[in-house]
Amino acid sequence: MTVPLTRLLLMSSIVALTALPVVAQEFDLQPPGPREFVSDKAGMLDEASITHIKSVCDKLLTDKATPIIVVTIDSMAQHGGGNMPVETFAALLFNQWQIGHAKLEGQDWNTGILLLISKGDRAARIELGAGWGRTENQTCQQIMNEHIVPQFKQGKFSDGIVSGVDALDKMARKLELPTRPRSAAEYIIPLVFVGLAVFTAVSLYRRGSSGWAWLMWGGVFVAIWFILRNVAQNSSGGGFSGGSFGGGSSGGGGASGSW
C-alpha cells in the first residue's frame with residue numbers, strides 16, 4: 001500500500017516535533033544580587049521595609065544557608081506568564097533563578113524560599129525548594145492566611161510582606177508561629193538564681209566570709225566562663241558566607257493566597 005506524499009510529510013513533521021526537547025519557559029526577570037534578597041518591580045515596599053527584609057534574610061542565610069527571595073511584579077502577563085496559575089509561575093521562576101543550593105558539603109540541601117506577589121493579579125505564592133518536601137505546606141498556608149493576605153486586603157502591602165518574611169524566618173528556624181513559646185529553662189534559670197541568692201544571704205548572715213557561699217559562687221562563675229568560652233568558639237568563624245543562588249530547584253511545596 002502506497003502512502004500519499006502529503007500524509008508522509010505530515011507524519012514526519014509530527015515525529016520531528018515530538019522529538020524536540022522540552023524547553024522550560026523563561027521570564028524576563030533578573031534575580032536580585034547574591035545577598036540583596038528583594039526585587040520590588042511593583043513598588044510595593046517602602047525603604048524601611050526593604051532594609052528590614054534584607055537584614056532578616058541576610059542573617060537567616062548566614063545562620064541556616066536558607067535564602068528568602070522576595071519578588072513583587074505588576075502582573076504575570078507582563079513577564080510572559082499570561083493565563084498562568086501563580087503556582088506555575090512561581091515554580092518556573094524559582095527554577096530559572098536556581099534559588100538556594102542543591103547541595104552543601106556533599107549533603108542534599110535545597111531549602112530556598114520564594115515569596116512572589118503579583119499585584120495586578122491579586123495573587124501571592126510562597127514557593128519552597130525541594131529540600132522542604134511538603135512538610136511545611138500547612139505552616140506556609142498559615143503564614144499566607146494570617147500574616148500576608150489580611151494586610152494586603154487593607155492595602156498595607158509593605159506590612160504584609162514584612163510580616164510574611166518575619167514568619168518565614170521563624171519557620172526556617174523551627175520556631176513556632178506567630179510567637180516563640182518560652183521554654184521551661186527560661187522559667188527555671190531565674191528561680192535557680194533566686195535560690196542561690198537566698199542561700200548566699202543566709203550563709204553570709206550565719207558564717208560571714210568563712211561560709212560556703214564564696215566557694216559556691218566561685219564554682220558558678222567558673223562554670224559560666226566555660227560555657228561562654230564554648231559558645232564563642234562554636235560561633236567564631238561559623239555561618240554560611242555564600243549567596244542566594246546555587247542550583248536550587250522548586251519542590252512544588254508552599255502555599256498560595258489572593259485578596
# chains A, B, ... in the order shown; residues from 1 in each chain; ligands from 1
call {"tool": "residues_around", "arguments": {"residues": "Ala172 in chain A", "least_positions_apart": "5", "cutoff": "9 Å", "atoms": "only C-alpha atoms", "output": "number ranges by chain"}}
result
A: 60, 64, 66, 111, 167
call {"tool": "closest_residue", "arguments": {"among": "A:Ile53, A:Ile117, A:Ala123, A:Leu45", "to": "Ile73 in chain A", "atoms": "only C-alpha atoms"}}
result
A:Ile117
call {"tool": "closest_residue", "arguments": {"among": "A:Pro31, A:Gly252, A:Gly133, A:Pro85", "to": "Val71 in chain A", "atoms": "only C-alpha atoms"}}
result
A:Pro31
call {"tool": "residues_around", "arguments": {"residues": "Asp159 in chain A", "least_positions_apart": "3", "cutoff": "10 Å", "atoms": "only C-alpha atoms", "output": "list in words"}}
result
Met44, Leu45, Asp46, Ser49, His147, Ile148, Gln151, Phe152, Gly155, Lys156, Val162, Ser163, Gly164 and Val165 of chain A
call {"tool": "closest_residue", "arguments": {"among": "A:His79, A:Arg134, A:Glu47, A:Cys57", "to": "Leu29 in chain A", "atoms": "only C-alpha atoms"}}
result
A:His79
call {"tool": "closest_residue", "arguments": {"among": "A:Asp40, A:Gln78, A:Trp259, A:Phe27", "to": "Gln154 in chain A", "atoms": "only C-alpha atoms"}}
result
A:Trp259
call {"tool": "residues_around", "arguments": {"residues": "Ser118 in chain A", "least_positions_apart": "4", "cutoff": "9 Å", "atoms": "only C-alpha atoms", "output": "PyMOL selection string"}}
result
chain A and resi 42+71-76+86+122-125
call {"tool": "write_last_selection", "arguments": {"atoms": "all heavy atoms", "output": "PDB file, in the first residue's frame"}}
result
ATOM      1  N   ALA A  42       7.069  45.948  41.424  1.00  0.00           N
ATOM      2  CA  ALA A  42       5.754  46.590  41.507  1.00  0.00           C
ATOM      3  C   ALA A  42       5.732  47.770  42.471  1.00  0.00           C
ATOM      4  O   ALA A  42       4.688  48.408  42.648  1.00  0.00           O
ATOM      5  CB  ALA A  42       4.699  45.566  41.921  1.00  0.00           C
ATOM      6  N   VAL A  71       9.865  38.836  45.677  1.00  0.00           N
ATOM      7  CA  VAL A  71       9.675  39.400  44.340  1.00  0.00           C
ATOM      8  C   VAL A  71       8.266  39.959  44.239  1.00  0.00           C
ATOM      9  O   VAL A  71       7.295  39.261  44.531  1.00  0.00           O
ATOM     10  CB  VAL A  71       9.874  38.333  43.243  1.00  0.00           C
ATOM     11  CG1 VAL A  71       9.714  38.955  41.860  1.00  0.00           C
ATOM     12  CG2 VAL A  71      11.238  37.673  43.374  1.00  0.00           C
ATOM     13  N   THR A  72       8.166  41.224  43.825  1.00  0.00           N
ATOM     14  CA  THR A  72       6.850  41.797  43.518  1.00  0.00           C
ATOM     15  C   THR A  72       6.844  42.192  42.044  1.00  0.00           C
ATOM     16  O   THR A  72       7.824  42.747  41.539  1.00  0.00           O
ATOM     17  CB  THR A  72       6.537  43.026  44.388  1.00  0.00           C
ATOM     18  OG1 THR A  72       7.287  44.158  43.929  1.00  0.00           O
ATOM     19  CG2 THR A  72       6.853  42.759  45.849  1.00  0.00           C
ATOM     20  N   ILE A  73       5.743  41.900  41.360  1.00  0.00           N
ATOM     21  CA  ILE A  73       5.586  42.260  39.951  1.00  0.00           C
ATOM     22  C   ILE A  73       4.200  42.879  39.755  1.00  0.00           C
ATOM     23  O   ILE A  73       3.294  42.661  40.565  1.00  0.00           O
ATOM     24  CB  ILE A  73       5.753  41.041  39.019  1.00  0.00           C
ATOM     25  CG1 ILE A  73       4.756  39.934  39.385  1.00  0.00           C
ATOM     26  CG2 ILE A  73       7.182  40.515  39.070  1.00  0.00           C
ATOM     27  CD1 ILE A  73       4.789  38.725  38.445  1.00  0.00           C
ATOM     28  N   ASP A  74       4.054  43.633  38.678  1.00  0.00           N
ATOM     29  CA  ASP A  74       2.756  44.239  38.379  1.00  0.00           C
ATOM     30  C   ASP A  74       1.748  43.192  37.923  1.00  0.00           C
ATOM     31  O   ASP A  74       0.577  43.229  38.291  1.00  0.00           O
ATOM     32  CB  ASP A  74       2.912  45.325  37.321  1.00  0.00           C
ATOM     33  CG  ASP A  74       3.593  46.565  37.871  1.00  0.00           C
ATOM     34  OD1 ASP A  74       3.188  47.023  38.956  1.00  0.00           O
ATOM     35  OD2 ASP A  74       4.538  47.052  37.236  1.00  0.00           O
ATOM     36  N   SER A  75       2.201  42.246  37.088  1.00  0.00           N
ATOM     37  CA  SER A  75       1.335  41.157  36.646  1.00  0.00           C
ATOM     38  C   SER A  75       2.201  40.061  36.043  1.00  0.00           C
ATOM     39  O   SER A  75       3.317  40.314  35.576  1.00  0.00           O
ATOM     40  CB  SER A  75       0.311  41.636  35.608  1.00  0.00           C
ATOM     41  OG  SER A  75       0.950  41.925  34.380  1.00  0.00           O
ATOM     42  N   MET A  76       1.686  38.863  36.037  1.00  0.00           N
ATOM     43  CA  MET A  76       2.404  37.745  35.424  1.00  0.00           C
ATOM     44  C   MET A  76       2.425  37.878  33.908  1.00  0.00           C
ATOM     45  O   MET A  76       3.418  37.532  33.256  1.00  0.00           O
ATOM     46  CB  MET A  76       1.768  36.415  35.859  1.00  0.00           C
ATOM     47  CG  MET A  76       1.993  36.097  37.327  1.00  0.00           C
ATOM     48  SD  MET A  76       1.264  34.530  37.870  1.00  0.00           S
ATOM     49  CE  MET A  76      -0.464  34.999  38.010  1.00  0.00           C
ATOM     50  N   VAL A  86      -0.524  31.119  39.457  1.00  0.00           N
ATOM     51  CA  VAL A  86       0.593  31.677  40.203  1.00  0.00           C
ATOM     52  C   VAL A  86       1.541  30.576  40.677  1.00  0.00           C
ATOM     53  O   VAL A  86       2.759  30.782  40.800  1.00  0.00           O
ATOM     54  CB  VAL A  86       0.084  32.524  41.386  1.00  0.00           C
ATOM     55  CG1 VAL A  86      -0.586  31.652  42.458  1.00  0.00           C
ATOM     56  CG2 VAL A  86       1.208  33.360  41.978  1.00  0.00           C
ATOM     57  N   ARG A 122      -3.581  40.130  41.916  1.00  0.00           N
ATOM     58  CA  ARG A 122      -4.029  39.959  43.304  1.00  0.00           C
ATOM     59  C   ARG A 122      -3.761  38.537  43.779  1.00  0.00           C
ATOM     60  O   ARG A 122      -4.617  37.869  44.375  1.00  0.00           O
ATOM     61  CB  ARG A 122      -5.521  40.304  43.436  1.00  0.00           C
ATOM     62  CG  ARG A 122      -5.868  41.702  42.963  1.00  0.00           C
ATOM     63  CD  ARG A 122      -7.350  41.990  43.023  1.00  0.00           C
ATOM     64  NE  ARG A 122      -7.829  42.121  44.389  1.00  0.00           N
ATOM     65  CZ  ARG A 122      -7.837  43.257  45.088  1.00  0.00           C
ATOM     66  NH1 ARG A 122      -7.369  44.364  44.546  1.00  0.00           N
ATOM     67  NH2 ARG A 122      -8.299  43.297  46.314  1.00  0.00           N
ATOM     68  N   ALA A 123      -2.542  38.081  43.515  1.00  0.00           N
ATOM     69  CA  ALA A 123      -2.164  36.709  43.848  1.00  0.00           C
ATOM     70  C   ALA A 123      -0.780  36.703  44.482  1.00  0.00           C
ATOM     71  O   ALA A 123       0.100  37.485  44.108  1.00  0.00           O
ATOM     72  CB  ALA A 123      -2.172  35.825  42.601  1.00  0.00           C
ATOM     73  N   ALA A 124      -0.597  35.818  45.448  1.00  0.00           N
ATOM     74  CA  ALA A 124       0.695  35.663  46.115  1.00  0.00           C
ATOM     75  C   ALA A 124       1.009  34.180  46.251  1.00  0.00           C
ATOM     76  O   ALA A 124       0.112  33.337  46.325  1.00  0.00           O
ATOM     77  CB  ALA A 124       0.677  36.330  47.489  1.00  0.00           C
ATOM     78  N   ARG A 125       2.288  33.876  46.303  1.00  0.00           N
ATOM     79  CA  ARG A 125       2.714  32.485  46.391  1.00  0.00           C
ATOM     80  C   ARG A 125       3.998  32.373  47.211  1.00  0.00           C
ATOM     81  O   ARG A 125       4.944  33.135  47.020  1.00  0.00           O
ATOM     82  CB  ARG A 125       2.966  31.912  45.001  1.00  0.00           C
ATOM     83  CG  ARG A 125       3.578  30.505  44.962  1.00  0.00           C
ATOM     84  CD  ARG A 125       2.602  29.455  45.390  1.00  0.00           C
ATOM     85  NE  ARG A 125       3.204  28.114  45.375  1.00  0.00           N
ATOM     86  CZ  ARG A 125       2.598  27.018  45.818  1.00  0.00           C
ATOM     87  NH1 ARG A 125       1.358  27.095  46.319  1.00  0.00           N
ATOM     88  NH2 ARG A 125       3.197  25.850  45.772  1.00  0.00           N
TER      89      ARG A 125
END
